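Peer 1: Structure in structure tokens, see below.
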Amino acid sequence: MIVEIGHYALVLSLVMAMAQSTIPFIAASRRDIVLLKIAPRLAIACFALVGTSFAALTYAYVTSDFSVVNVIANSHTSKPLIYKITGVWANHEGSMLLWVMILTLFASAVAAFGRNLPPSLLARVIGVMGIIALGFLLFILLTSNPFERVVNPPLNGEGMNPLLQDPGIAIHPPFLYLGYVGFSVAFAFAVAALIEGRVDPAWARWVRPWTLAAWVFLTAGIGLGSWWAYYELGWGGWWFWDPVENASFMPWLAGTALLHSAIVVEKRDALKSWTIFLAILAFSFSLLGTFLVRSGALTSVHAFATDPTRGVFILFLLCLTVGGSLMLYAWRAPTLKGGGLFQPISREGALVFNNVLLSIAAAMVLLGTLYPLLLETVTGEKISVGAPFFNSTFVPIMTPAIIAMVFGPLMPWKRADLFAVLGKLKIAIAAVILVLLVTYWLAGGPAFALFGMGLATWLFVGTILEWTSRIKLFRGPLKTSLRRMRNLPRSAHGTMLAHAGVAIVVAGITGSQAWTEESVQSLGIGDSTVLSGHTFTLSSLREYEGPNFVAREATITIATPGERTITLTPEKRVYTVEGMPTTEAGIQSGITGDIYAVIGDEDANGKWVTRFYVKPMIPWMWTGGLVMVLGGLMSLSDRRYRVGAPARSTKAAPTVPAE
């Protein structure tokens, strides 16, 4: 009965989405007060129905209702409860239902918190999101029904991909979807603004918090995904330039550019057309990721479906949404009036420079991702585009962007003196020289490592200098600086944290790529090997049974150069239902880096294949990502994001009598 309620709620949500995609536009065009008030209620009702449907599917998984085809294919009675719940979205049908639920959640949030928006703009934003929801609800009901029943249910299910039975994967997809779908709000605001023919600082003030929220979620989702790949897949890597990884990275790049561009619209009433285009682009990349995962075009650990019919349906939705919005943009964007003028050397100029480089970087990632697919479609030839291409194109593009991140915040609006800004960065330049000397003395190279560490130092120290200059630290009484720090907008603190987080990520990538050492060998019980001054000993092996797997656990004893002993327990698991092996790495993390151990299979000599890594600075990457997320959250807590844009007063200013 619960499953039927969920199915009926999904059908009713389709009807509600139809109303949401039509009535708000009629209300806005007619300026009908009654219909304008109905529009937000439609969005909230649609979310309530989709939420009911999602809750019903979750209930089916928790209770192991094997009369539902989706539960049969992705669950088993022996699975721990947490993985029964995560099984809801660890498959194509359930993940699409989660996708739509998050979409309707954002639409209802706009309806609930958008009371200070002009009624016509709010109605059109809700209407655009209703159209998107309508398309994906049709997709679910026509091609991917998660509530399909089976006449003779089996006694048990087929289980779930063991790689997905991990705590990291329990939270990675929801965060990723919150980021993906969150850009739909900026997209809806962009389309609504094009229909109304008006983009102003107030519009930018409304768009920024939604864009920032999506950016925060997507940053967290990408970070969690790379962390999961690092400790779960057992190959010691954290990013493979997999096409589906790229599909999440492209909207992040476009969303980052959108955030900075919206600042210029809000502060200077400029870059209106460019900001609208970036809003369309960010959500278009999100839809592209949805297509790549579910079209069958890719073979990946991330891929959910291989049914070409579903891929064609999503491709149609992608073309309709992206093509329609770009046609509207081409028609209406020339009517948007430009704002204030500025010189190339200015804060606006630095933001534009940064935006252009981010957009080029996204284009390069798009080219490397789609070119093999297009070539295979046209000629039948199969090629792969891997890390060498992306590293050789992406890094040179992003290097000047990172350098410019220091200059931009130190520059005034409209025009700036570049040499005066450089004068403020003397300490940063000195810090870069010092770090380069210390790095060369300790490690001697390679050259790209010296460059990367210098770049990270430049961004980190430059960011701190900009923040200290705002509170006038060391330029007056400490009490005054503390008071200025308390009075500084939270968004300023958030920006500082986000930029510092990028610097920490750059340092972590540099250190882990330049100085990682690896050793692969076969060891018997009691045998040892030395790697980077660490002595690794296979002390013992034991086998045990988990809730739904059997495992072989190794005890690796490590004697470090500092005469400290570390014990790691990597595992090799075989899941009994699926019959699929997985690797559970043993990792010891510290501020200087990780020690990483993996146990493999027994070789012909009765010894065990082992792989050991020493990875300097690799935890800095995820630490930096966390700092970026904290910076975004701090900016979101700024009161200016909650109250929206102030309305312009129409009253004449009071006359002040001359003295």
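Chain identifiers are assigned as A, B, and so on, following the order in which chains appear in the structure tokens; residues are numbered from 1 within each chain, and ligands are numbered from 1 in order of appearance.
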Fewer than 5 positions away in the same chain doesn't count, so skip those; otherwise give me all residues within 6 Å of stretch 20-28 of chain A, counting only C-alpha atoms, as a PyMOL selection string.

Peer 2: chain A and resi 35-36+39+42+120+123-124+127+130-131

Peer 1: Given the selection you just returned, output its residues as a file containing N, CA and C atoms, formatted as a PDB file, in the first residue's frame.

Peer 2:
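New file result_6.pdb:
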ATOM      1  N   LEU A  35      -3.625  34.817  -8.926  1.00  0.00           N
ATOM      2  CA  LEU A  35      -2.788  33.756  -9.497  1.00  0.00           C
ATOM      3  C   LEU A  35      -1.337  33.888  -9.063  1.00  0.00           C
ATOM      4  N   LEU A  36      -0.866  35.120  -8.894  1.00  0.00           N
ATOM      5  CA  LEU A  36       0.511  35.314  -8.427  1.00  0.00           C
ATOM      6  C   LEU A  36       0.712  34.720  -7.035  1.00  0.00           C
ATOM      7  N   ALA A  39       1.127  30.762  -7.257  1.00  0.00           N
ATOM      8  CA  ALA A  39       2.363  30.189  -7.800  1.00  0.00           C
ATOM      9  C   ALA A  39       3.272  29.582  -6.732  1.00  0.00           C
ATOM     10  N   LEU A  42       1.944  26.245  -5.463  1.00  0.00           N
ATOM     11  CA  LEU A  42       2.110  25.133  -6.391  1.00  0.00           C
ATOM     12  C   LEU A  42       3.479  24.490  -6.226  1.00  0.00           C
ATOM     13  N   SER A 120       6.044  39.263 -10.056  1.00  0.00           N
ATOM     14  CA  SER A 120       6.131  38.717 -11.413  1.00  0.00           C
ATOM     15  C   SER A 120       7.419  37.936 -11.621  1.00  0.00           C
ATOM     16  N   ALA A 123       7.133  34.600  -9.779  1.00  0.00           N
ATOM     17  CA  ALA A 123       6.251  33.679 -10.494  1.00  0.00           C
ATOM     18  C   ALA A 123       6.972  33.051 -11.684  1.00  0.00           C
ATOM     19  N   ARG A 124       7.733  33.852 -12.420  1.00  0.00           N
ATOM     20  CA  ARG A 124       8.429  33.308 -13.594  1.00  0.00           C
ATOM     21  C   ARG A 124       9.554  32.362 -13.186  1.00  0.00           C
ATOM     22  N   GLY A 127       7.884  29.224 -12.366  1.00  0.00           N
ATOM     23  CA  GLY A 127       7.406  28.606 -13.594  1.00  0.00           C
ATOM     24  C   GLY A 127       8.511  27.894 -14.359  1.00  0.00           C
ATOM     25  N   GLY A 130       9.295  24.790 -12.668  1.00  0.00           N
ATOM     26  CA  GLY A 130       8.211  23.850 -12.919  1.00  0.00           C
ATOM     27  C   GLY A 130       8.369  23.141 -14.255  1.00  0.00           C
ATOM     28  N   ILE A 131       8.824  23.862 -15.277  1.00  0.00           N
ATOM     29  CA  ILE A 131       9.052  23.247 -16.591  1.00  0.00           C
ATOM     30  C   ILE A 131      10.140  22.179 -16.494  1.00  0.00           C
TER      31      ILE A 131
END

Peer 1: Could the residues of stretch 386-450 of chain A that have an atom at most 9 Å from stretch 500-518 of chain A be listed as a Markdown table, each with its closest atom pair and the distance in Å to one decimal, counting only C-alpha atoms and ordered by chain and ascending residue number?

Peer 2:
| residue | atom | partner | partner_atom | distance |
| --- | --- | --- | --- | --- |
| A:Ile402 | CA | A:Ala503 | CA | 8.6 |
| A:Ala443 | CA | A:Trp515 | CA | 8.4 |
| A:Gly445 | CA | A:Ala514 | CA | 8.2 |
| A:Pro446 | CA | A:Ala514 | CA | 7.0 |
| A:Phe448 | CA | A:Ala514 | CA | 7.8 |
| A:Ala449 | CA | A:Thr510 | CA | 5.7 |
| A:Leu450 | CA | A:Thr510 | CA | 8.6 |

Peer 1: Return the single residue from A:Trp241, A:Leu422, A:Thr480, A:Met160 that is closest to A:Gly462, with distances computed using only C-alpha atoms.

Peer 2: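 Smallest separation from A:Gly462 among the options: A:Leu422.
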
Peer 1: Would you give me, as a PyMOL selection string, the residues in stretch 474-564 of chain A that DSSP reads as alpha helix (DSSP H)?

Peer 2: chain A and resi 478-487+490-515

Peer 1: Those residues with N, CA and C atoms, as an mmCIF file, in the first residue's frame please?

Peer 2:
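What ended up in selection00.cif:
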data_model
loop_
_atom_site.group_PDB
_atom_site.id
_atom_site.type_symbol
_atom_site.label_atom_id
_atom_site.label_comp_id
_atom_site.auth_asym_id
_atom_site.auth_seq_id
_atom_site.Cartn_x
_atom_site.Cartn_y
_atom_site.Cartn_z
ATOM 1 N N LEU A 478 45.616 47.284 18.557
ATOM 2 C CA LEU A 478 45.043 45.967 18.325
ATOM 3 C C LEU A 478 43.535 45.974 18.581
ATOM 4 N N LYS A 479 43.106 46.754 19.567
ATOM 5 C CA LYS A 479 41.681 46.832 19.886
ATOM 6 C C LYS A 479 40.890 47.352 18.685
ATOM 7 N N THR A 480 41.463 48.312 17.983
ATOM 8 C CA THR A 480 40.793 48.850 16.796
ATOM 9 C C THR A 480 40.696 47.803 15.698
ATOM 10 N N SER A 481 41.760 47.036 15.509
ATOM 11 C CA SER A 481 41.747 45.990 14.478
ATOM 12 C C SER A 481 40.718 44.914 14.803
ATOM 13 N N LEU A 482 40.624 44.559 16.094
ATOM 14 C CA LEU A 482 39.636 43.550 16.481
ATOM 15 C C LEU A 482 38.213 44.057 16.267
ATOM 16 N N ARG A 483 38.011 45.344 16.539
ATOM 17 C CA ARG A 483 36.682 45.910 16.311
ATOM 18 C C ARG A 483 36.339 45.915 14.822
ATOM 19 N N ARG A 484 37.316 46.269 13.988
ATOM 20 C CA ARG A 484 37.090 46.250 12.539
ATOM 21 C C ARG A 484 36.841 44.827 12.046
ATOM 22 N N MET A 485 37.527 43.864 12.636
ATOM 23 C CA MET A 485 37.328 42.473 12.236
ATOM 24 C C MET A 485 35.904 42.014 12.560
ATOM 25 N N ARG A 486 35.405 42.409 13.751
ATOM 26 C CA ARG A 486 34.029 42.043 14.124
ATOM 27 C C ARG A 486 33.015 42.720 13.223
ATOM 28 N N ASN A 487 33.306 43.928 12.792
ATOM 29 C CA ASN A 487 32.364 44.682 11.960
ATOM 30 C C ASN A 487 32.471 44.354 10.480
ATOM 31 N N ARG A 490 30.508 39.211 7.034
ATOM 32 C CA ARG A 490 30.901 37.805 7.051
ATOM 33 C C ARG A 490 31.309 37.314 5.668
ATOM 34 N N SER A 491 30.745 37.907 4.643
ATOM 35 C CA SER A 491 31.130 37.494 3.294
ATOM 36 C C SER A 491 32.598 37.790 3.028
ATOM 37 N N ALA A 492 33.152 38.840 3.642
ATOM 38 C CA ALA A 492 34.578 39.136 3.472
ATOM 39 C C ALA A 492 35.432 38.054 4.128
ATOM 40 N N HIS A 493 35.029 37.627 5.338
ATOM 41 C CA HIS A 493 35.734 36.514 5.985
ATOM 42 C C HIS A 493 35.595 35.239 5.151
ATOM 43 N N GLY A 494 34.400 35.016 4.611
ATOM 44 C CA GLY A 494 34.171 33.821 3.798
ATOM 45 C C GLY A 494 35.020 33.807 2.546
ATOM 46 N N THR A 495 35.149 34.957 1.888
ATOM 47 C CA THR A 495 35.989 35.043 0.694
ATOM 48 C C THR A 495 37.435 34.721 1.025
ATOM 49 N N MET A 496 37.905 35.278 2.153
ATOM 50 C CA MET A 496 39.275 35.000 2.572
ATOM 51 C C MET A 496 39.483 33.500 2.799
ATOM 52 N N LEU A 497 38.554 32.847 3.472
ATOM 53 C CA LEU A 497 38.682 31.411 3.729
ATOM 54 C C LEU A 497 38.650 30.609 2.435
ATOM 55 N N ALA A 498 37.738 30.960 1.532
ATOM 56 C CA ALA A 498 37.626 30.212 0.277
ATOM 57 C C ALA A 498 38.900 30.311 -0.544
ATOM 58 N N HIS A 499 39.458 31.522 -0.663
ATOM 59 C CA HIS A 499 40.689 31.688 -1.424
ATOM 60 C C HIS A 499 41.868 30.993 -0.732
ATOM 61 N N ALA A 500 41.927 31.077 0.595
ATOM 62 C CA ALA A 500 42.988 30.363 1.323
ATOM 63 C C ALA A 500 42.839 28.854 1.136
ATOM 64 N N GLY A 501 41.594 28.371 1.086
ATOM 65 C CA GLY A 501 41.359 26.951 0.849
ATOM 66 C C GLY A 501 41.887 26.499 -0.501
ATOM 67 N N VAL A 502 41.701 27.331 -1.534
ATOM 68 C CA VAL A 502 42.260 27.003 -2.857
ATOM 69 C C VAL A 502 43.770 26.883 -2.778
ATOM 70 N N ALA A 503 44.418 27.790 -2.043
ATOM 71 C CA ALA A 503 45.878 27.730 -1.891
ATOM 72 C C ALA A 503 46.304 26.429 -1.222
ATOM 73 N N ILE A 504 45.578 26.014 -0.187
ATOM 74 C CA ILE A 504 45.924 24.773 0.508
ATOM 75 C C ILE A 504 45.739 23.578 -0.418
ATOM 76 N N VAL A 505 44.684 23.591 -1.234
ATOM 77 C CA VAL A 505 44.466 22.517 -2.207
ATOM 78 C C VAL A 505 45.612 22.453 -3.202
ATOM 79 N N VAL A 506 46.044 23.607 -3.711
ATOM 80 C CA VAL A 506 47.158 23.639 -4.669
ATOM 81 C C VAL A 506 48.421 23.061 -4.037
ATOM 82 N N ALA A 507 48.700 23.410 -2.789
ATOM 83 C CA ALA A 507 49.873 22.868 -2.110
ATOM 84 C C ALA A 507 49.752 21.356 -1.945
ATOM 85 N N GLY A 508 48.568 20.875 -1.575
ATOM 86 C CA GLY A 508 48.370 19.438 -1.407
ATOM 87 C C GLY A 508 48.537 18.668 -2.701
ATOM 88 N N ILE A 509 47.984 19.204 -3.795
ATOM 89 C CA ILE A 509 48.145 18.544 -5.095
ATOM 90 C C ILE A 509 49.615 18.505 -5.492
ATOM 91 N N THR A 510 50.289 19.625 -5.298
ATOM 92 C CA THR A 510 51.702 19.704 -5.679
ATOM 93 C C THR A 510 52.537 18.684 -4.905
ATOM 94 N N GLY A 511 52.394 18.683 -3.583
ATOM 95 C CA GLY A 511 53.201 17.776 -2.772
ATOM 96 C C GLY A 511 52.929 16.318 -3.063
ATOM 97 N N SER A 512 51.647 15.952 -3.205
ATOM 98 C CA SER A 512 51.311 14.547 -3.432
ATOM 99 C C SER A 512 51.742 14.077 -4.812
ATOM 100 N N GLN A 513 51.672 14.968 -5.822
ATOM 101 C CA GLN A 513 52.071 14.566 -7.167
ATOM 102 C C GLN A 513 53.585 14.526 -7.330
ATOM 103 N N ALA A 514 54.283 15.394 -6.644
ATOM 104 C CA ALA A 514 55.728 15.502 -6.858
ATOM 105 C C ALA A 514 56.529 14.491 -6.048
ATOM 106 N N TRP A 515 56.102 14.193 -4.838
ATOM 107 C CA TRP A 515 56.981 13.452 -3.927
ATOM 108 C C TRP A 515 56.393 12.139 -3.424
#

Peer 1: Restricting the calculation to only C-alpha atoms, which member of A:Phe136, A:Asn605, A:Tyr371, A:Ser273 is positioned closest to A:Leu315?

Peer 2: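 For A:Leu315, the nearest of the candidates is A:Phe136.
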
Peer 1: Hey, which of A:Ser532, A:Ser184, A:Leu436, A:Leu138 ends up closest to A:Met18? Count only C-alpha atoms.

Peer 2: A:Leu138

Peer 1: Looking at A:Pro396, A:Gly51, A:Gly168, A:Pro118, which one is nearest to A:Ile33, with distances taken over only C-alpha atoms?

Peer 2: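 The answer is A:Pro118, which sits nearest to A:Ile33.
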
Peer 1: Under the rule that only C-alpha atoms are counted, which of A:Lys472, A:Val264, A:Gly533, A:Val577 is the nearest residue to A:Pro547?

Peer 2: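 Checking each candidate against A:Pro547, we get A:Val577 as the closest.
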
Peer 1: Using only C-alpha atoms, determine which residues lie at most 12 Å from A:Gly234, disregarding the query and same-chain residues fewer than 5 positions distant; provide the list as a PDB file with N, CA and C atoms, in the first residue's frame.

Peer 2:
ATOM      1  N   LEU A 163      31.241  -1.543  -4.232  1.00  0.00           N
ATOM      2  CA  LEU A 163      31.983  -0.283  -4.172  1.00  0.00           C
ATOM      3  C   LEU A 163      31.136   0.846  -3.617  1.00  0.00           C
ATOM      4  N   TRP A 227      37.773  11.887  -2.137  1.00  0.00           N
ATOM      5  CA  TRP A 227      38.222  11.206  -0.909  1.00  0.00           C
ATOM      6  C   TRP A 227      37.797   9.740  -0.931  1.00  0.00           C
ATOM      7  N   TRP A 228      36.553   9.463  -1.371  1.00  0.00           N
ATOM      8  CA  TRP A 228      36.069   8.083  -1.475  1.00  0.00           C
ATOM      9  C   TRP A 228      36.926   7.278  -2.451  1.00  0.00           C
ATOM     10  N   ALA A 229      37.224   7.857  -3.614  1.00  0.00           N
ATOM     11  CA  ALA A 229      38.047   7.150  -4.598  1.00  0.00           C
ATOM     12  C   ALA A 229      39.425   6.843  -4.027  1.00  0.00           C
ATOM     13  N   PRO A 570      44.942  -3.096   6.346  1.00  0.00           N
ATOM     14  CA  PRO A 570      44.208  -3.147   5.079  1.00  0.00           C
ATOM     15  C   PRO A 570      43.470  -4.476   4.919  1.00  0.00           C
ATOM     16  N   GLU A 571      42.415  -4.449   4.103  1.00  0.00           N
ATOM     17  CA  GLU A 571      41.581  -5.632   3.925  1.00  0.00           C
ATOM     18  C   GLU A 571      41.321  -5.909   2.452  1.00  0.00           C
ATOM     19  N   LYS A 572      41.041  -7.166   2.181  1.00  0.00           N
ATOM     20  CA  LYS A 572      40.515  -7.598   0.889  1.00  0.00           C
ATOM     21  C   LYS A 572      39.185  -8.273   1.187  1.00  0.00           C
ATOM     22  N   ARG A 573      38.095  -7.690   0.694  1.00  0.00           N
ATOM     23  CA  ARG A 573      36.765  -8.214   0.994  1.00  0.00           C
ATOM     24  C   ARG A 573      36.147  -8.859  -0.246  1.00  0.00           C
ATOM     25  N   PRO A 581      34.958  -8.701  -5.325  1.00  0.00           N
ATOM     26  CA  PRO A 581      35.964  -8.299  -4.338  1.00  0.00           C
ATOM     27  C   PRO A 581      36.120  -6.776  -4.292  1.00  0.00           C
ATOM     28  N   THR A 582      36.492  -6.262  -3.141  1.00  0.00           N
ATOM     29  CA  THR A 582      36.815  -4.843  -2.986  1.00  0.00           C
ATOM     30  C   THR A 582      38.072  -4.723  -2.141  1.00  0.00           C
ATOM     31  N   THR A 583      38.699  -3.569  -2.224  1.00  0.00           N
ATOM     32  CA  THR A 583      39.920  -3.284  -1.466  1.00  0.00           C
ATOM     33  C   THR A 583      39.633  -2.220  -0.424  1.00  0.00           C
ATOM     34  N   GLU A 584      40.040  -2.479   0.796  1.00  0.00           N
ATOM     35  CA  GLU A 584      39.927  -1.497   1.872  1.00  0.00           C
ATOM     36  C   GLU A 584      41.339  -1.119   2.299  1.00  0.00           C
ATOM     37  N   ALA A 585      41.770   0.055   1.919  1.00  0.00           N
ATOM     38  CA  ALA A 585      43.146   0.472   2.203  1.00  0.00           C
ATOM     39  C   ALA A 585      43.317   0.801   3.685  1.00  0.00           C
ATOM     40  N   GLY A 586      44.529   0.569   4.184  1.00  0.00           N
ATOM     41  CA  GLY A 586      44.905   1.034   5.511  1.00  0.00           C
ATOM     42  C   GLY A 586      45.665   2.342   5.379  1.00  0.00           C
ATOM     43  N   ILE A 587      45.200   3.384   6.056  1.00  0.00           N
ATOM     44  CA  ILE A 587      45.773   4.718   5.865  1.00  0.00           C
ATOM     45  C   ILE A 587      46.072   5.340   7.217  1.00  0.00           C
ATOM     46  N   TYR A 596      50.131   4.682   3.285  1.00  0.00           N
ATOM     47  CA  TYR A 596      48.992   4.011   2.640  1.00  0.00           C
ATOM     48  C   TYR A 596      49.399   2.579   2.320  1.00  0.00           C
ATOM     49  N   ALA A 597      48.575   1.602   2.730  1.00  0.00           N
ATOM     50  CA  ALA A 597      48.913   0.193   2.519  1.00  0.00           C
ATOM     51  C   ALA A 597      47.713  -0.553   1.953  1.00  0.00           C
ATOM     52  N   VAL A 598      47.991  -1.470   1.002  1.00  0.00           N
ATOM     53  CA  VAL A 598      46.954  -2.276   0.368  1.00  0.00           C
ATOM     54  C   VAL A 598      47.433  -3.718   0.336  1.00  0.00           C
ATOM     55  N   ILE A 599      46.536  -4.658   0.657  1.00  0.00           N
ATOM     56  CA  ILE A 599      46.845  -6.073   0.565  1.00  0.00           C
ATOM     57  C   ILE A 599      46.106  -6.659  -0.636  1.00  0.00           C
ATOM     58  N   GLY A 600      46.835  -7.479  -1.421  1.00  0.00           N
ATOM     59  CA  GLY A 600      46.244  -8.085  -2.607  1.00  0.00           C
ATOM     60  C   GLY A 600      46.057  -9.581  -2.444  1.00  0.00           C
ATOM     61  N   THR A 610      51.528  -6.919  -2.007  1.00  0.00           N
ATOM     62  CA  THR A 610      51.250  -5.726  -1.204  1.00  0.00           C
ATOM     63  C   THR A 610      51.680  -4.476  -1.982  1.00  0.00           C
ATOM     64  N   ARG A 611      50.992  -3.381  -1.708  1.00  0.00           N
ATOM     65  CA  ARG A 611      51.352  -2.091  -2.321  1.00  0.00           C
ATOM     66  C   ARG A 611      51.391  -1.052  -1.208  1.00  0.00           C
ATOM     67  N   PHE A 612      52.508  -0.345  -1.123  1.00  0.00           N
ATOM     68  CA  PHE A 612      52.683   0.680  -0.098  1.00  0.00           C
ATOM     69  C   PHE A 612      52.976   2.021  -0.764  1.00  0.00           C
ATOM     70  N   TYR A 613      52.458   3.079  -0.146  1.00  0.00           N
ATOM     71  CA  TYR A 613      52.706   4.438  -0.616  1.00  0.00           C
ATOM     72  C   TYR A 613      53.105   5.315   0.569  1.00  0.00           C
TER      73      TYR A 613
END
